[in-house]
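Report on the following structure.
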Amino acid sequence: MKKFIESLSNVWKIEELKNRILITLGLLLVYRFGAQVTLPGIDATQLGNLAGQTKDGIGSILDMFTGGAFSQASVFALGIMPYISASIVVQLMGIAIPYLQKLQSDGESGRKKINQITRWLTIAITLVQGPTYIYNLYRTLPSNAFLLGFNSFEFLFSSVIILVTGTIFAMWLGEKITDKGIGNGISLLIMVGILARFPQAFIQEFTTRVTNNNGGPMLLVIEIIIWLLVIICCVLLVMAVRRIPVQYARRTTSGDFEQDMLNGNRQWIPLKLNASGVMPIIFAQAIMFIPAALAGLSKSDTSQSIVGAFSNMFGFWYNLVFATLIIVFTFFYTAITVPTNKMSDDLKRSGGFIPGVRPGIETSDYLDKVMSLITFPGSLFLALIAVFPAIIVSLMDVQQSWAMFFGGTSLIIMVGVAIDTMQQINSYLLNRHYDGLMKSGKNRKAVA
């Protein structure tokens with residue numbers, strides 16, 4: 001603990017790192033301030049119905065990712081999610097569209113063009129989601145909540161423009177954090193939005209357990225212990241890798257192959273247990289909206305039962321289908337994001353090989369086999385974490401808002417972003433010969 005405190009103090013001794021952290025905190029503060037600004041033309045005191053709509057179920061997920069901006073009809077009500085959607089679409093289109101494939105292989109210039117395409121697609125998605133959000137306000141809020149008049153064109157037009165501008169500004173903040181600050185800006189904006197709900201959720205659970213004497217403080221302590229254990233499991237899931245040993249031959253003047261092997265440099269290829277990250281959960285949640293939406297078009301008893309089953313995110317059938325989709329999407333997303341053929345070709349061109357495996361096709365097949373073997377337990381673990389909030393609600397009668405922090409997208413995002421940010425800070429400290437924040441950091445003394 002003493003070394004960790006010393007490492008934190010060393011952060012402020014590095015001028016560049018200190019400035020980056022301050023810039024990051026400042027831009028995050030701007031984002032949180034904007035999330036509290038209500039759209040012009042709406043009476044902020046009449047938002048009770050909207051807050052009730054996002055208290056439980058799927059609405060709570062949307063409100064969590066926007067840091068409460070969705071339930072407050074904020075100028076950042078759509079948050080950064082249209083940009084995330086656009087990034088996913090562009091990434092998937094890169095598999096089938098040759099032009100995007102060419103841009104992906106063009107290095108920095110191609111990356112800039114892809115970013116520009118993603119920005120324009122973000123605007124297009126926001127132009128669709130903006131009127132949809134305003135229509136939801138019309139259905140949810142009372143007519144006297146609209147100061148410019150119910151269904152007025154002036155309110156609709158100005159609100160859509162403001163929502164589009166808010167999303168673009170949030171996207172700009174995220175990119176500036178990435179360039180000038182520390183960590184991945186877009187991910188940090190999402191994480192801060194999720195953390196903004198944490199105090200309120202914990203206070204509600206504390207009130208229920210202690211003040212209302214529903215289980216007492218001992219049960220609350222048990223919940224916190226379980227929560228910490230789940231966080232540890234998430235860290236293990238994010239950090240776990242399978243190391244594939246690689247041998248690099250180093251040519252000698254004798255040209256003797258056996259001597260080449262003796263002089264070679266030995267390294268390894270890290271294959272992540274969860275190479276797809278949180279994307280399978282995001283894909284699965286997007287699909288889970290469809291059954292209820294389609295069934296809602298019919299008024300039959302069967303359709304209404306389907307709507308009820310797939311609208312309750314803590315129900316059995318919802319989570320069974322949800323977990324199955326996560327496993328399927330984990331294999332799908334890993335297959336398109338881990339190019340084993342390209343890894344094999346790059347390894348062959350650099351003079352490397354996996355001991356006991358022939359370069360070329362056999363290496364590609366071997367990497368694909370290992371990736372499939374480790375993806376299966378990784379997908380099961382990811383699905384278990386995703387549905388764990390429903391499990392904790394059914395077993396311990398936890399408040400739904402507090403249960404959301406026991407797993408799912410929110411917890412994995414928070415753990416992944418925290419680890420990535422700490423690794424970047426750690427690299428700054430180690431490069432300046434300080435002890436790192438993370439345990440893997442070496443104690444490196446400055447050399448005069």
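Chain labels run A, B, ... following the order of the structure tokens; each chain numbers its residues from 1, and ligands are numbered from 1 in the order shown.
With only C-alpha atoms taken into account, the protein and nucleic acid residues at most 12 Å from Val221 in chain A (excluding it and anything under 4 positions from it in its own chain) are Phe202, Glu205, Phe206, Arg209, Val210, Gly215, Gly216, Pro217, Ile225, Ile226, Trp227 and Leu228 of chain A.
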Mind running range 5-122 of chain A against range 129-138 of chain A at 12 Å and telling me each contacting residue's nearest atom pair with the distance in Å (one decimal), counting only C-alpha atoms, chain and number ascending, as CSV?
residue,atom,partner,partner_atom,distance
A:Leu39,CA,A:Ile134,CA,10.4
A:Gly41,CA,A:Ile134,CA,11.8
A:Ile42,CA,A:Leu137,CA,9.7
A:Asp43,CA,A:Leu137,CA,11.8
A:Gln46,CA,A:Leu137,CA,11.0
A:Leu47,CA,A:Leu137,CA,9.4
A:Gly48,CA,A:Leu137,CA,11.6
A:Asn49,CA,A:Leu137,CA,9.5
A:Leu50,CA,A:Leu137,CA,7.5
A:Ala51,CA,A:Leu137,CA,11.1
A:Gln53,CA,A:Asn136,CA,10.3
A:Thr54,CA,A:Asn136,CA,11.8
A:Gly59,CA,A:Asn136,CA,11.7
A:Leu62,CA,A:Tyr133,CA,11.6
A:Phe70,CA,A:Tyr133,CA,9.0
A:Ser71,CA,A:Leu137,CA,9.9
A:Gln72,CA,A:Leu137,CA,10.6
A:Ala73,CA,A:Leu137,CA,8.1
A:Ser74,CA,A:Tyr133,CA,11.1
A:Val75,CA,A:Gly130,CA,10.7
A:Phe76,CA,A:Gly130,CA,10.8
A:Ala77,CA,A:Tyr133,CA,8.5
A:Leu78,CA,A:Gly130,CA,7.7
A:Gly79,CA,A:Gly130,CA,11.1
A:Met81,CA,A:Gln129,CA,10.3
A:Pro82,CA,A:Gln129,CA,8.2
A:Tyr83,CA,A:Gln129,CA,11.8
A:Ser85,CA,A:Gln129,CA,11.3
A:Thr122,CA,A:Gln129,CA,10.3
For this session: Determine, counting only C-alpha atoms, which protein, DNA and RNA residues have an atom within 10 Å of an atom of range 327-334 of chain A; residues of the same chain fewer than 6 positions away are not included. Present the result as a PyMOL selection string.
Result: chain A and resi 92+272+274-284+371-372+375-384
Serialized selection, N, CA, C and O atoms, as a CSV table (one decimal), in the first residue's frame:
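Dumped to result16.csv:
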chain,number,residue,atom,x,y,z
A,92,LEU,N,-18.1,-3.7,-39.0
A,92,LEU,CA,-18.8,-4.9,-39.7
A,92,LEU,C,-18.8,-4.8,-41.2
A,92,LEU,O,-18.6,-5.7,-41.9
A,272,LYS,N,-6.0,-13.5,-26.4
A,272,LYS,CA,-6.8,-13.2,-25.2
A,272,LYS,C,-8.0,-14.2,-25.1
A,272,LYS,O,-8.6,-14.6,-26.1
A,274,ASN,N,-10.8,-13.4,-23.8
A,274,ASN,CA,-12.0,-12.7,-24.3
A,274,ASN,C,-11.6,-11.6,-25.3
A,274,ASN,O,-11.5,-10.5,-25.0
A,275,ALA,N,-11.3,-12.1,-26.5
A,275,ALA,CA,-10.8,-11.2,-27.5
A,275,ALA,C,-11.8,-10.2,-28.0
A,275,ALA,O,-11.5,-9.2,-28.6
A,276,SER,N,-13.1,-10.5,-27.8
A,276,SER,CA,-14.2,-9.7,-28.4
A,276,SER,C,-14.6,-8.6,-27.4
A,276,SER,O,-15.4,-7.7,-27.7
A,277,GLY,N,-14.1,-8.6,-26.2
A,277,GLY,CA,-14.4,-7.6,-25.2
A,277,GLY,C,-15.9,-7.6,-24.8
A,277,GLY,O,-16.5,-8.6,-24.6
A,278,VAL,N,-16.4,-6.4,-24.8
A,278,VAL,CA,-17.8,-6.2,-24.4
A,278,VAL,C,-18.8,-6.2,-25.6
A,278,VAL,O,-20.0,-6.2,-25.5
A,279,MET,N,-18.2,-6.3,-26.8
A,279,MET,CA,-19.1,-6.2,-28.0
A,279,MET,C,-20.2,-7.3,-28.1
A,279,MET,O,-21.3,-7.0,-28.6
A,280,PRO,N,-19.9,-8.6,-27.8
A,280,PRO,CA,-21.0,-9.5,-27.8
A,280,PRO,C,-22.2,-9.2,-27.0
A,280,PRO,O,-23.4,-9.4,-27.4
A,281,ILE,N,-22.0,-8.5,-25.8
A,281,ILE,CA,-23.1,-8.1,-25.0
A,281,ILE,C,-23.9,-7.0,-25.6
A,281,ILE,O,-25.1,-7.0,-25.6
A,282,ILE,N,-23.2,-6.1,-26.3
A,282,ILE,CA,-23.8,-4.9,-26.9
A,282,ILE,C,-24.7,-5.5,-28.1
A,282,ILE,O,-25.8,-5.0,-28.3
A,283,PHE,N,-24.1,-6.4,-28.9
A,283,PHE,CA,-24.8,-7.0,-30.0
A,283,PHE,C,-26.1,-7.7,-29.5
A,283,PHE,O,-27.2,-7.5,-30.1
A,284,ALA,N,-25.9,-8.5,-28.5
A,284,ALA,CA,-27.0,-9.3,-27.9
A,284,ALA,C,-28.1,-8.4,-27.4
A,284,ALA,O,-29.3,-8.7,-27.6
A,371,MET,N,-7.6,-20.6,-30.7
A,371,MET,CA,-8.5,-19.5,-30.5
A,371,MET,C,-9.9,-20.0,-30.2
A,371,MET,O,-10.6,-19.5,-29.3
A,372,SER,N,-10.3,-21.0,-30.9
A,372,SER,CA,-11.6,-21.6,-30.7
A,372,SER,C,-11.7,-22.3,-29.3
A,372,SER,O,-12.8,-22.2,-28.7
A,375,THR,N,-11.9,-19.5,-26.7
A,375,THR,CA,-13.1,-18.7,-26.8
A,375,THR,C,-14.3,-19.3,-26.2
A,375,THR,O,-15.1,-18.6,-25.6
A,376,PHE,N,-14.4,-20.6,-26.2
A,376,PHE,CA,-15.6,-21.3,-25.7
A,376,PHE,C,-15.7,-21.0,-24.1
A,376,PHE,O,-16.8,-20.5,-23.7
A,377,PRO,N,-14.7,-21.3,-23.3
A,377,PRO,CA,-14.9,-21.0,-21.9
A,377,PRO,C,-15.0,-19.5,-21.7
A,377,PRO,O,-15.7,-19.0,-20.8
A,378,GLY,N,-14.3,-18.7,-22.5
A,378,GLY,CA,-14.4,-17.2,-22.4
A,378,GLY,C,-15.8,-16.8,-22.7
A,378,GLY,O,-16.3,-15.9,-22.0
A,379,SER,N,-16.5,-17.3,-23.6
A,379,SER,CA,-17.8,-16.9,-24.0
A,379,SER,C,-18.8,-17.3,-22.8
A,379,SER,O,-19.7,-16.6,-22.5
A,380,LEU,N,-18.6,-18.5,-22.3
A,380,LEU,CA,-19.4,-19.0,-21.1
A,380,LEU,C,-19.3,-18.0,-19.9
A,380,LEU,O,-20.2,-17.7,-19.3
A,381,PHE,N,-18.0,-17.7,-19.7
A,381,PHE,CA,-17.7,-16.8,-18.5
A,381,PHE,C,-18.4,-15.4,-18.8
A,381,PHE,O,-18.9,-14.8,-17.9
A,382,LEU,N,-18.2,-14.9,-20.0
A,382,LEU,CA,-18.8,-13.6,-20.4
A,382,LEU,C,-20.3,-13.6,-20.2
A,382,LEU,O,-20.9,-12.7,-19.7
A,383,ALA,N,-21.0,-14.7,-20.7
A,383,ALA,CA,-22.4,-14.8,-20.6
A,383,ALA,C,-22.9,-14.9,-19.1
A,383,ALA,O,-23.9,-14.3,-18.8
A,384,LEU,N,-22.1,-15.6,-18.3
A,384,LEU,CA,-22.4,-15.7,-16.9
A,384,LEU,C,-22.4,-14.3,-16.2
A,384,LEU,O,-23.3,-14.0,-15.4
For this session: Could you tell me how far CA of Ile117 in chain A lies from CA of Gly68 in chain A, in Å and to one decimal?
Result: 28.7 Å
For this session: Would you please give, as a ChimeraX atom specification, all residues of range 101-341 of chain A that DSSP assigns to strand (DSSP E or B) based on the backbone?
Result: /A:146,241-248,265-272
Based on the selection just made, write N, CA and C atoms of those residues as a PDB file, in the first residue's frame.
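Saved to again15.pdb:
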ATOM      1  N   PHE A 146     -44.227  20.959 -22.015  1.00  0.00           N
ATOM      2  CA  PHE A 146     -43.647  21.568 -23.217  1.00  0.00           C
ATOM      3  C   PHE A 146     -43.999  23.051 -23.232  1.00  0.00           C
ATOM      4  N   VAL A 241      -4.755 -14.324 -20.915  1.00  0.00           N
ATOM      5  CA  VAL A 241      -4.252 -14.588 -22.259  1.00  0.00           C
ATOM      6  C   VAL A 241      -3.653 -15.990 -22.311  1.00  0.00           C
ATOM      7  N   ARG A 242      -3.685 -16.570 -23.484  1.00  0.00           N
ATOM      8  CA  ARG A 242      -2.989 -17.826 -23.747  1.00  0.00           C
ATOM      9  C   ARG A 242      -1.739 -17.476 -24.558  1.00  0.00           C
ATOM     10  N   ARG A 243      -0.574 -17.785 -24.004  1.00  0.00           N
ATOM     11  CA  ARG A 243       0.685 -17.449 -24.659  1.00  0.00           C
ATOM     12  C   ARG A 243       1.108 -18.578 -25.596  1.00  0.00           C
ATOM     13  N   ILE A 244       1.242 -18.252 -26.866  1.00  0.00           N
ATOM     14  CA  ILE A 244       1.721 -19.198 -27.872  1.00  0.00           C
ATOM     15  C   ILE A 244       3.209 -18.916 -28.117  1.00  0.00           C
ATOM     16  N   PRO A 245       4.108 -19.838 -27.766  1.00  0.00           N
ATOM     17  CA  PRO A 245       5.540 -19.586 -27.946  1.00  0.00           C
ATOM     18  C   PRO A 245       5.917 -19.462 -29.416  1.00  0.00           C
ATOM     19  N   VAL A 246       6.807 -18.525 -29.710  1.00  0.00           N
ATOM     20  CA  VAL A 246       7.264 -18.276 -31.075  1.00  0.00           C
ATOM     21  C   VAL A 246       8.782 -18.243 -31.075  1.00  0.00           C
ATOM     22  N   GLN A 247       9.369 -18.886 -32.087  1.00  0.00           N
ATOM     23  CA  GLN A 247      10.827 -18.890 -32.251  1.00  0.00           C
ATOM     24  C   GLN A 247      11.187 -18.084 -33.485  1.00  0.00           C
ATOM     25  N   TYR A 248      12.119 -17.131 -33.332  1.00  0.00           N
ATOM     26  CA  TYR A 248      12.609 -16.342 -34.454  1.00  0.00           C
ATOM     27  C   TYR A 248      14.038 -16.766 -34.760  1.00  0.00           C
ATOM     28  N   ASN A 265      15.719 -15.799 -31.284  1.00  0.00           N
ATOM     29  CA  ASN A 265      15.091 -15.099 -30.168  1.00  0.00           C
ATOM     30  C   ASN A 265      13.713 -15.703 -29.908  1.00  0.00           C
ATOM     31  N   ARG A 266      13.436 -16.061 -28.681  1.00  0.00           N
ATOM     32  CA  ARG A 266      12.173 -16.712 -28.338  1.00  0.00           C
ATOM     33  C   ARG A 266      11.196 -15.672 -27.770  1.00  0.00           C
ATOM     34  N   GLN A 267       9.991 -15.622 -28.351  1.00  0.00           N
ATOM     35  CA  GLN A 267       8.948 -14.724 -27.886  1.00  0.00           C
ATOM     36  C   GLN A 267       7.643 -15.497 -27.832  1.00  0.00           C
ATOM     37  N   TRP A 268       6.533 -14.784 -27.735  1.00  0.00           N
ATOM     38  CA  TRP A 268       5.237 -15.453 -27.692  1.00  0.00           C
ATOM     39  C   TRP A 268       4.141 -14.544 -28.231  1.00  0.00           C
ATOM     40  N   ILE A 269       3.047 -15.183 -28.702  1.00  0.00           N
ATOM     41  CA  ILE A 269       1.873 -14.480 -29.204  1.00  0.00           C
ATOM     42  C   ILE A 269       0.784 -14.549 -28.132  1.00  0.00           C
ATOM     43  N   PRO A 270       0.287 -13.400 -27.658  1.00  0.00           N
ATOM     44  CA  PRO A 270      -0.785 -13.434 -26.647  1.00  0.00           C
ATOM     45  C   PRO A 270      -2.155 -13.539 -27.312  1.00  0.00           C
ATOM     46  N   LEU A 271      -2.875 -14.602 -27.053  1.00  0.00           N
ATOM     47  CA  LEU A 271      -4.251 -14.759 -27.524  1.00  0.00           C
ATOM     48  C   LEU A 271      -5.173 -14.571 -26.322  1.00  0.00           C
ATOM     49  N   LYS A 272      -6.007 -13.536 -26.367  1.00  0.00           N
ATOM     50  CA  LYS A 272      -6.846 -13.201 -25.226  1.00  0.00           C
ATOM     51  C   LYS A 272      -7.996 -14.182 -25.065  1.00  0.00           C
TER      52      LYS A 272
END
Can you list every residue of range 23-52 of chain A that has an atom at most 8 Å from range 178-199 of chain A, with its nearest atom pair and the distance in Å to one decimal, using only C-alpha atoms, ordered by chain then number, as JSON lines?
{"residue": "A:Ile23", "atom": "CA", "partner": "A:Gly181", "partner_atom": "CA", "distance": 5.6}
{"residue": "A:Thr24", "atom": "CA", "partner": "A:Gly181", "partner_atom": "CA", "distance": 4.8}
{"residue": "A:Leu28", "atom": "CA", "partner": "A:Leu189", "partner_atom": "CA", "distance": 6.8}
{"residue": "A:Tyr31", "atom": "CA", "partner": "A:Leu189", "partner_atom": "CA", "distance": 7.6}
{"residue": "A:Arg32", "atom": "CA", "partner": "A:Gly193", "partner_atom": "CA", "distance": 7.8}
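Between Trp317 in chain A and the residues A:Leu121, A:Leu29, A:Val387, A:Asn19, the shortest atom-to-atom distance, using only C-alpha atoms, involves A:Val387.
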